[in-house]
file upload11.txt (compact mmCIF, C-alpha atoms and all ligand atoms)
# COMPACT_ATOMS: atom_id res chain seq x y z
CA MET J 61 94.35 101.55 -114.84
CA PHE J 62 94.81 97.98 -116.15
CA ALA J 63 94.02 96.44 -119.51
CA ARG J 64 93.71 92.90 -118.16
CA LEU J 65 93.42 91.96 -114.50
CA CYS J 66 94.12 88.28 -113.88
CA LEU J 67 92.84 86.74 -110.64
CA ILE J 68 94.42 83.54 -109.43
CA GLY J 69 91.57 82.23 -107.29
CA VAL J 70 88.09 83.74 -107.62
CA GLY J 71 86.42 83.24 -104.24
CA LEU J 72 85.14 85.74 -101.68
CA ILE J 73 88.18 88.01 -101.87
CA GLY J 74 89.19 87.54 -105.52
CA GLY J 75 85.54 87.93 -106.56
CA SER J 76 85.15 91.07 -104.44
CA VAL J 77 88.34 92.57 -105.92
CA ALA J 78 86.92 91.87 -109.39
CA LYS J 79 83.52 93.40 -108.61
CA ALA J 80 85.06 96.49 -106.99
CA ALA J 81 87.59 96.98 -109.81
CA ARG J 82 84.81 96.70 -112.39
CA GLN J 83 82.53 99.07 -110.51
CA GLN J 84 85.31 101.67 -110.30
CA GLY J 85 86.31 101.16 -113.96
CA LEU J 86 89.86 100.14 -113.02
CA CYS J 87 90.33 97.56 -115.77
CA ARG J 88 89.05 96.77 -119.22
CA GLU J 89 88.99 92.99 -118.81
CA ILE J 90 88.99 90.62 -115.82
CA VAL J 91 90.00 86.99 -116.18
CA GLY J 92 90.15 84.19 -113.64
CA TYR J 93 92.60 81.33 -113.41
CA GLY J 94 92.13 78.10 -111.46
CA ARG J 95 93.00 74.42 -111.51
CA ALA J 96 90.79 71.91 -113.34
CA GLN J 97 88.97 71.29 -110.04
CA ASP J 98 88.20 75.04 -109.75
CA ALA J 99 86.50 75.13 -113.18
CA ALA J 100 82.90 74.85 -111.89
CA ASN J 101 83.51 77.75 -109.50
CA LEU J 102 85.13 79.84 -112.24
CA GLN J 103 82.21 79.11 -114.53
CA ARG J 104 79.87 80.35 -111.80
CA ALA J 105 82.00 83.49 -111.41
CA GLN J 106 81.65 84.10 -115.15
CA GLN J 107 77.87 83.48 -115.03
CA LEU J 108 77.60 86.02 -112.21
CA GLY J 109 79.48 88.55 -114.35
CA VAL J 110 82.30 88.76 -111.79
CA ILE J 111 84.90 87.78 -114.41
CA ASP J 112 84.74 88.07 -118.18
CA SER J 113 86.36 84.71 -118.86
CA TYR J 114 88.38 82.00 -117.16
CA PHE J 115 91.23 79.67 -117.92
CA THR J 116 92.61 76.48 -116.44
CA ASP J 117 95.74 77.08 -118.54
CA LEU J 118 97.96 79.55 -116.71
CA GLY J 119 99.82 80.79 -119.80
CA ALA J 120 96.53 81.71 -121.48
CA ALA J 121 95.24 83.44 -118.34
CA LEU J 122 98.41 85.50 -117.98
CA SER J 123 98.68 86.49 -121.61
CA ALA J 124 98.39 90.30 -121.87
CA ALA J 125 97.67 90.62 -118.14
CA ASP J 126 99.23 93.78 -116.71
CA CYS J 127 98.12 93.00 -113.15
CA VAL J 128 97.97 89.59 -111.46
CA VAL J 129 96.31 89.17 -108.05
CA ILE J 130 96.92 85.95 -106.13
CA ALA J 131 93.68 85.40 -104.18
CA SER J 132 94.08 81.73 -103.30
CA PRO J 133 94.36 80.13 -99.85
CA VAL J 134 97.71 80.79 -98.12
CA GLY J 135 98.76 77.15 -98.48
CA ALA J 136 98.50 77.26 -102.29
CA VAL J 137 100.80 80.27 -102.76
CA SER J 138 104.11 78.42 -102.95
CA GLY J 139 102.79 76.17 -105.74
CA ILE J 140 101.35 79.19 -107.54
CA PHE J 141 104.74 81.01 -107.51
CA LYS J 142 106.32 77.85 -108.98
CA GLN J 143 103.71 77.82 -111.73
CA LEU J 144 104.11 81.56 -112.36
CA GLN J 145 107.91 81.49 -112.57
CA PRO J 146 108.26 80.47 -116.24
CA TYR J 147 105.79 83.21 -117.26
CA TRP J 148 107.08 85.95 -114.94
CA ASN J 149 106.85 89.25 -116.82
CA PRO J 150 108.83 92.32 -115.66
CA GLN J 151 106.16 94.61 -117.19
CA THR J 152 103.33 93.09 -115.11
CA VAL J 153 102.49 94.06 -111.51
CA TYR J 154 101.88 91.10 -109.22
CA THR J 155 100.22 91.25 -105.81
CA ASP J 156 98.32 89.03 -103.37
CA VAL J 157 95.61 89.28 -100.70
CA CYS J 158 96.75 86.56 -98.31
CA SER J 159 96.17 86.83 -94.56
CA THR J 160 99.80 86.05 -93.67
CA LYS J 161 102.72 87.86 -95.24
CA THR J 162 105.95 86.19 -94.00
CA SER J 163 104.91 82.84 -95.49
CA VAL J 164 104.08 84.47 -98.83
CA VAL J 165 107.36 86.40 -98.98
CA GLN J 166 109.34 83.28 -97.98
CA ALA J 167 107.55 81.28 -100.68
CA ALA J 168 108.52 83.90 -103.29
CA GLN J 169 112.14 83.92 -102.03
CA ALA J 170 112.30 80.11 -102.21
CA VAL J 171 111.04 80.01 -105.79
CA PHE J 172 112.75 83.09 -107.27
CA GLY J 173 115.88 83.35 -105.08
CA ALA J 174 114.88 86.93 -104.22
CA VAL J 175 111.36 88.36 -104.09
CA PRO J 176 110.72 89.84 -107.56
CA VAL J 177 110.72 93.67 -107.52
CA ASN J 178 107.31 93.73 -109.23
CA PHE J 179 105.58 91.61 -106.56
CA VAL J 180 103.80 93.78 -103.96
CA PRO J 181 102.55 91.78 -100.94
CA ALA J 182 99.20 93.06 -99.65
CA HIS J 183 96.39 92.12 -97.26
CA PRO J 184 92.89 93.60 -97.12
CA ILE J 185 91.73 93.72 -93.50
CA ALA J 186 88.20 93.04 -94.59
CA GLY J 187 86.29 89.89 -95.20
CA ALA J 188 83.65 87.68 -93.72
CA GLU J 189 83.01 84.28 -92.23
CA CYS J 190 81.65 83.07 -95.55
CA SER J 191 83.71 81.97 -98.55
CA GLY J 192 83.19 81.60 -102.26
CA VAL J 193 82.39 83.85 -105.19
CA GLU J 194 78.65 83.86 -104.41
CA ALA J 195 79.43 85.92 -101.31
CA ALA J 196 81.63 88.46 -103.16
CA THR J 197 80.55 92.11 -103.01
CA ALA J 198 81.85 95.29 -104.65
CA ASP J 199 81.91 97.22 -101.37
CA LEU J 200 83.70 94.66 -99.18
CA PHE J 201 86.84 96.81 -99.00
CA ARG J 202 85.15 100.22 -98.82
CA GLN J 203 86.35 102.18 -95.77
CA ARG J 204 88.39 99.19 -94.65
CA ARG J 205 92.08 99.02 -94.06
CA LEU J 206 94.53 97.40 -96.41
CA ILE J 207 98.11 96.67 -95.43
CA ILE J 208 100.93 96.59 -97.97
CA THR J 209 104.19 95.04 -96.76
CA PRO J 210 106.78 96.26 -99.30
CA LEU J 211 110.33 94.92 -99.24
CA ASP J 212 113.52 96.95 -99.60
CA ASN J 213 113.75 95.98 -103.27
CA THR J 214 110.06 96.52 -104.16
CA ASP J 215 109.81 98.71 -107.27
CA PRO J 216 108.29 102.02 -106.03
CA ARG J 217 106.23 102.31 -109.23
CA CYS J 218 104.65 98.89 -108.60
CA LEU J 219 104.02 99.82 -104.96
CA ASP J 220 102.39 103.06 -106.07
CA THR J 221 100.22 101.24 -108.63
CA ILE J 222 98.92 98.73 -106.06
CA GLN J 223 98.38 101.44 -103.46
CA ARG J 224 96.36 103.54 -105.94
CA PHE J 225 94.38 100.45 -107.00
CA TRP J 226 93.25 99.74 -103.42
CA GLU J 227 92.57 103.40 -102.69
CA ALA J 228 90.38 103.57 -105.81
CA ILE J 229 88.46 100.58 -104.44
CA GLY J 230 87.86 102.57 -101.25
CA SER J 231 90.45 101.09 -98.88
CA SER J 232 92.64 103.03 -96.49
CA VAL J 233 96.18 101.83 -97.22
CA SER J 234 98.95 101.47 -94.59
CA LEU J 235 102.51 100.29 -95.17
CA MET J 236 104.12 97.92 -92.66
CA GLY J 237 107.05 95.52 -92.33
CA VAL J 238 106.31 91.92 -93.28
CA GLU J 239 107.04 90.43 -89.84
CA HIS J 240 105.32 93.26 -88.00
CA HIS J 241 102.19 92.56 -90.05
CA ASP J 242 102.15 88.94 -88.89
CA THR J 243 102.70 89.94 -85.23
CA VAL J 244 99.82 92.43 -85.32
CA LEU J 245 97.39 90.21 -87.24
CA ALA J 246 98.11 87.22 -85.00
CA ALA J 247 96.73 89.26 -82.09
CA THR J 248 93.64 90.80 -83.64
CA SER J 249 92.62 88.22 -86.22
CA HIS J 250 94.31 84.83 -85.87
CA LEU J 251 93.97 84.42 -82.07
CA PRO J 252 90.29 85.55 -82.00
CA HIS J 253 89.42 83.03 -84.72
CA LEU J 254 91.15 80.26 -82.74
CA LEU J 255 89.31 81.29 -79.56
CA ALA J 256 85.96 81.21 -81.38
CA PHE J 257 86.71 77.76 -82.84
CA ALA J 258 87.81 76.52 -79.40
CA LEU J 259 84.78 77.82 -77.49
CA VAL J 260 82.17 76.68 -79.99
CA GLY J 261 83.93 73.30 -80.30
CA LEU J 262 83.97 72.93 -76.50
CA LEU J 263 80.26 73.69 -76.22
CA GLY J 264 79.36 71.59 -79.26
CA HIS J 265 80.82 68.52 -77.56
CA LYS J 266 78.73 68.91 -74.43
CA ASP J 267 75.74 66.56 -73.91
CA GLU J 268 73.49 69.55 -73.27
CA GLN J 269 74.68 71.42 -76.38
CA ARG J 270 71.16 71.81 -77.84
CA GLU J 271 70.04 73.49 -74.64
CA ILE J 272 73.19 75.66 -74.54
CA PHE J 273 72.80 76.92 -78.11
CA LYS J 274 69.00 77.33 -77.76
CA TYR J 275 69.36 79.82 -74.91
CA ALA J 276 72.45 81.65 -76.19
CA ALA J 277 72.09 85.43 -76.14
CA GLY J 278 73.44 88.02 -78.59
CA GLY J 279 76.86 88.02 -76.94
CA PHE J 280 77.38 84.39 -77.89
CA LYS J 281 76.27 85.10 -81.46
CA ASP J 282 78.77 87.99 -81.70
CA PHE J 283 81.61 85.99 -80.18
CA SER J 284 80.95 82.84 -82.21
CA ARG J 285 80.33 84.37 -85.68
CA ILE J 286 83.88 83.83 -86.85
CA ALA J 287 83.71 80.13 -85.86
CA SER J 288 81.63 79.82 -89.06
CA SER J 289 84.77 80.65 -91.09
CA ASP J 290 86.30 78.19 -93.54
CA PRO J 291 88.36 75.57 -91.61
CA THR J 292 90.71 75.00 -94.58
CA MET J 293 91.53 78.68 -94.87
CA TRP J 294 92.17 78.96 -91.13
CA LEU J 295 94.28 75.81 -91.01
CA ASP J 296 96.56 77.41 -93.62
CA ILE J 297 96.73 80.74 -91.76
CA CYS J 298 97.42 79.15 -88.37
CA GLN J 299 100.14 76.88 -89.72
CA ALA J 300 101.76 79.73 -91.64
CA ASN J 301 101.86 82.05 -88.61
CA LYS J 302 102.23 79.63 -85.71
CA GLN J 303 105.40 81.32 -84.40
CA GLU J 304 103.33 84.41 -83.63
CA ILE J 305 100.14 82.61 -82.59
CA ILE J 306 101.55 80.10 -80.06
CA PRO J 307 102.98 82.75 -77.66
CA LEU J 308 99.62 84.56 -77.76
CA ILE J 309 97.76 81.35 -76.89
CA GLN J 310 100.12 80.98 -73.91
CA GLN J 311 99.50 84.57 -72.79
CA TYR J 312 95.75 84.06 -73.13
CA GLN J 313 95.94 80.87 -71.05
CA ALA J 314 97.85 82.82 -68.37
CA GLU J 315 95.17 85.52 -68.41
CA LEU J 316 92.42 82.91 -67.99
CA ALA J 317 94.38 81.22 -65.20
CA LYS J 318 94.62 84.58 -63.43
CA ILE J 319 90.86 85.10 -63.69
CA GLU J 320 90.28 81.53 -62.48
CA HIS J 321 92.53 82.22 -59.47
CA TYR J 322 90.70 85.47 -58.63
CA LEU J 323 87.40 83.58 -58.68
CA HIS J 324 88.71 80.70 -56.56
CA THR J 325 90.09 83.08 -53.97
CA ASP J 326 87.21 85.57 -54.11
CA GLN J 327 89.49 88.45 -55.14
CA THR J 328 86.55 90.62 -56.15
CA GLU J 329 88.54 93.83 -56.54
CA GLN J 330 91.12 92.19 -58.82
CA LEU J 331 88.37 90.67 -60.92
CA PHE J 332 86.59 94.01 -61.17
CA ALA J 333 89.85 95.74 -62.11
CA THR J 334 90.49 93.12 -64.83
CA PHE J 335 87.05 93.63 -66.38
CA THR J 336 87.27 97.43 -66.10
CA TYR J 337 90.71 97.52 -67.72
CA ALA J 338 89.44 95.40 -70.65
CA ARG J 339 86.30 97.49 -71.03
CA ASN J 340 88.38 100.70 -71.20
CA ALA J 341 90.79 99.09 -73.70
CA ARG J 342 87.84 98.17 -75.92
CA GLN J 343 86.54 101.73 -75.70
CA ARG J 344 89.94 102.94 -76.95
CA TYR J 345 89.58 100.50 -79.87
CA LEU J 346 86.07 101.80 -80.66
CA ASP J 347 87.24 105.44 -80.44
CA GLN J 348 90.03 104.89 -82.96
CA LEU J 349 87.57 103.17 -85.34
CA GLU J 350 85.77 106.52 -85.59
CA ASP J 351 88.99 108.48 -86.31
N1 LIG J 401 87.86 85.38 -96.18
C1 LIG J 401 88.30 86.50 -95.66
O1 LIG J 401 87.59 87.14 -94.89
C2 LIG J 401 89.67 87.00 -96.03
C3 LIG J 401 90.57 86.20 -96.68
N2 LIG J 401 91.80 86.66 -97.01
C4 LIG J 401 92.74 85.82 -97.73
O2 LIG J 401 92.31 85.80 -99.07
C5 LIG J 401 92.62 84.56 -99.68
C6 LIG J 401 91.37 84.02 -100.33
O3 LIG J 401 90.39 83.81 -99.33
P1 LIG J 401 88.85 83.68 -99.73
O4 LIG J 401 88.57 84.43 -100.96
O5 LIG J 401 88.09 83.95 -98.50
O6 LIG J 401 88.77 82.12 -100.04
P2 LIG J 401 87.74 81.36 -101.01
O7 LIG J 401 87.77 79.93 -100.58
O8 LIG J 401 86.44 82.06 -101.05
O9 LIG J 401 88.45 81.48 -102.43
C7 LIG J 401 89.68 80.92 -102.73
C8 LIG J 401 89.65 80.47 -104.17
O10 LIG J 401 90.95 80.02 -104.56
C9 LIG J 401 90.80 78.91 -105.41
N3 LIG J 401 92.04 78.13 -105.37
C10 LIG J 401 92.47 77.29 -104.41
N4 LIG J 401 93.69 76.80 -104.72
C11 LIG J 401 94.02 77.35 -105.91
C12 LIG J 401 95.16 77.23 -106.77
N5 LIG J 401 96.18 76.43 -106.45
N6 LIG J 401 95.17 77.93 -107.92
C13 LIG J 401 94.15 78.75 -108.25
N7 LIG J 401 93.03 78.90 -107.49
C14 LIG J 401 92.99 78.20 -106.33
C15 LIG J 401 89.57 78.17 -104.89
O11 LIG J 401 88.94 77.43 -105.91
C16 LIG J 401 88.68 79.31 -104.42
O12 LIG J 401 87.77 79.69 -105.41
C17 LIG J 401 93.22 83.69 -98.59
O13 LIG J 401 94.61 83.70 -98.70
C18 LIG J 401 92.77 84.36 -97.31
O14 LIG J 401 93.69 84.13 -96.26
C19 LIG J 401 92.18 87.97 -96.75
C20 LIG J 401 91.31 88.81 -96.13
C21 LIG J 401 89.99 88.38 -95.69
O1 LIG J 402 84.91 87.88 -90.59
C1 LIG J 402 85.69 88.64 -90.00
O2 LIG J 402 85.33 89.40 -89.10
C2 LIG J 402 87.11 88.67 -90.37
O3 LIG J 402 87.94 88.91 -89.53
C3 LIG J 402 87.43 88.42 -91.79
C4 LIG J 402 88.87 88.34 -92.10
C5 LIG J 402 89.46 87.10 -92.22
C6 LIG J 402 90.78 87.00 -92.55
C7 LIG J 402 91.53 88.15 -92.77
O4 LIG J 402 92.82 88.03 -93.10
C8 LIG J 402 90.96 89.40 -92.65
C9 LIG J 402 89.62 89.49 -92.33
call {"tool": "encode", "arguments": {"input": "upload11.txt", "output": "structure tokens", "more": "lines below"}}
Ligand SMILES: NC(=O)C1=CN([C@@H]2O[C@H](COP(=O)(O)OP(=O)(O)OC[C@H]3O[C@@H](n4cnc5c(N)ncnc54)[C@H](O)[C@@H]3O)[C@@H](O)[C@H]2O)C=CC1
Ligand SMILES: O=C(O)C(=O)Cc1ccc(O)cc1
result
Amino acid sequence: MFARLCLIGVGLIGGSVAKAARQQGLCREIVGYGRAQDAANLQRAQQLGVIDSYFTDLGAALSAADCVVIASPVGAVSGIFKQLQPYWNPQTVYTDVCSTKTSVVQAAQAVFGAVPVNFVPAHPIAGAECSGVEAATADLFRQRRLIITPLDNTDPRCLDTIQRFWEAIGSSVSLMGVEHHDTVLAATSHLPHLLAFALVGLLGHKDEQREIFKYAAGGFKDFSRIASSDPTMWLDICQANKQEIIPLIQQYQAELAKIEHYLHTDQTEQLFATFTYARNARQRYLDQLED
């Protein structure tokens, strides 16, 4: 499919894209690019056989690349577009894997004036609470969703290429508007991560925290897993999508206040109805996972 795949950022997601693309025979050569401070990580990625070679010189990394995947933290994307601009090649397909899409598209608009037709914004809805190339796996995206947020001017051939790439890796691809993506992901990904950070932080500050964590059951382990996620990555995501996240925090606070009120006033039926409604909603979520 590609002669040279260039990954800008070779961590959990970039490394997993590389492993999956290699396993499926989607490219002849895979190279990584990073800043001087990323060199040790890139060297490790090469040692692990995730990439064939790496560069800290962007021009060298991009040379002969027919596909470029930006797999850096959200906050680095604007700077990366600025660096890419002088080398931008109309024959190359560019894409990204970032968790927020409006910020990425706005960054491209700011640098290029209009989002280049050969840039296809994308987001794999798959990952983990761990980061780094050591955690990369070839099957991370298998049977997982991937959202592409094309723009009106996106070249259909580039869109088709990126869609086929992710399908070959095993993902189920959906197309969605850029802003709609950020609304949906704020609810199911960004808010839950914030809630996990908030709860574990709250408990961690308590004097009896050792006792609390010692006797935590499986439910706490399930709920708190994503509080092990990379704080830098989540800072970037939350800042980039705060317009969508803040109203959800407010709605969640209102929901908690309602539950608090039911408890205070012994409104058993209301409390039961609240739990039952949520349980049924989760069942609907589980049912559609099987579809
Ligand atoms: N971790 C997850 O579960 C998921 C993450 N994402 C998105 O994927 C992107 C990458 O996340 P991860 O792979 O988890 O992070 P990671 O921390 O494992 O890897 C990011 C890599 O980018 C490199 N990097 C940082 N700034 C750079 C720059 N200016 N130029 C070149 N390289 C740079 C770092 O050295 C690091 O190796 C993020 O935008 C994240 O929002 C998307 C789906 C799932
Ligand atoms: O670890 C988990 O359960 C995740 O939710 C991983 C994840 C993190 C960020 C994304 O944009 C998509 C998926």
call {"tool": "residues_near_ligand", "arguments": {"input": "upload11.txt", "ligand": "ligand LIG 401 (chain J)", "cutoff": "7 Å", "atoms": "all atoms listed in the file", "output": "short mmCIF file (atom, residue, chain, number, x, y, z; two decimals) with C-alpha atoms, in the coordinates of the input"}}
result
data_model
loop_
_atom_site.label_atom_id
_atom_site.label_comp_id
_atom_site.auth_asym_id
_atom_site.auth_seq_id
_atom_site.Cartn_x
_atom_site.Cartn_y
_atom_site.Cartn_z
CA ILE J 68 94.42 83.54 -109.43
CA GLY J 69 91.57 82.23 -107.29
CA VAL J 70 88.09 83.74 -107.62
CA GLY J 71 86.42 83.24 -104.24
CA LEU J 72 85.14 85.74 -101.68
CA ILE J 73 88.18 88.01 -101.87
CA GLY J 74 89.19 87.54 -105.52
CA TYR J 93 92.60 81.33 -113.41
CA GLY J 94 92.13 78.10 -111.46
CA ARG J 95 93.00 74.42 -111.51
CA ASP J 98 88.20 75.04 -109.75
CA ASN J 101 83.51 77.75 -109.50
CA ALA J 131 93.68 85.40 -104.18
CA SER J 132 94.08 81.73 -103.30
CA PRO J 133 94.36 80.13 -99.85
CA VAL J 134 97.71 80.79 -98.12
CA ALA J 136 98.50 77.26 -102.29
CA GLY J 139 102.79 76.17 -105.74
CA ILE J 140 101.35 79.19 -107.54
CA VAL J 157 95.61 89.28 -100.70
CA CYS J 158 96.75 86.56 -98.31
CA SER J 159 96.17 86.83 -94.56
CA THR J 160 99.80 86.05 -93.67
CA HIS J 183 96.39 92.12 -97.26
CA PRO J 184 92.89 93.60 -97.12
CA ILE J 185 91.73 93.72 -93.50
CA ALA J 186 88.20 93.04 -94.59
CA GLY J 187 86.29 89.89 -95.20
CA ALA J 188 83.65 87.68 -93.72
CA GLU J 189 83.01 84.28 -92.23
CA CYS J 190 81.65 83.07 -95.55
CA SER J 191 83.71 81.97 -98.55
CA GLY J 192 83.19 81.60 -102.26
CA VAL J 193 82.39 83.85 -105.19
CA MET J 293 91.53 78.68 -94.87
CA ILE J 297 96.73 80.74 -91.76
#
call {"tool": "axis_aligned_box", "arguments": {"input": "upload11.txt", "around": "ligand LIG 402 (chain J)", "padding_each_side": "8 Å", "output": "JSON"}}
result
{"center_x": 88.9, "center_y": 88.2, "center_z": -91.1, "size_x": 23.9, "size_y": 18.5, "size_z": 20.0}
call {"tool": "closest_residue", "arguments": {"input": "upload11.txt", "among": "J:Lys142, J:Arg202, J:Lys161, J:His240", "to": "ligand LIG 402 (chain J)", "atoms": "only C-alpha atoms and all ligand atoms"}}
result
J:Lys161
call {"tool": "residues_around", "arguments": {"input": "upload11.txt", "residues": "Thr152 of chain J", "least_positions_apart": "2", "cutoff": "8 Å", "atoms": "all atoms listed in the file", "output": "list in words"}}
result
Ala125, Asp126, Cys127, Val128, Asn149, Pro150, Tyr154 and Asn178 of chain J
call {"tool": "residues_around", "arguments": {"input": "upload11.txt", "residues": "Ala198 of chain J", "least_positions_apart": "6", "cutoff": "12 Å", "atoms": "all atoms listed in the file", "output": "VMD selection string"}}
result
chain J and resid 72 to 85 110 187 228 to 231
call {"tool": "closest_residue", "arguments": {"input": "upload11.txt", "among": "J:Arg204, J:Ala174, J:Asp326, J:Gly92", "to": "Glu350 of chain J", "atoms": "all atoms listed in the file"}}
result
J:Arg204
call {"tool": "closest_residue", "arguments": {"input": "upload11.txt", "among": "J:Tyr312, J:Tyr114, J:Pro176, J:Asp267", "to": "Pro252 of chain J", "atoms": "all atoms listed in the file"}}
result
J:Tyr312
call {"tool": "residues_around", "arguments": {"input": "upload11.txt", "residues": "Met61 of chain J", "least_positions_apart": "4", "cutoff": "8 Å", "atoms": "all atoms listed in the file", "output": "count of residues only"}}
result
3
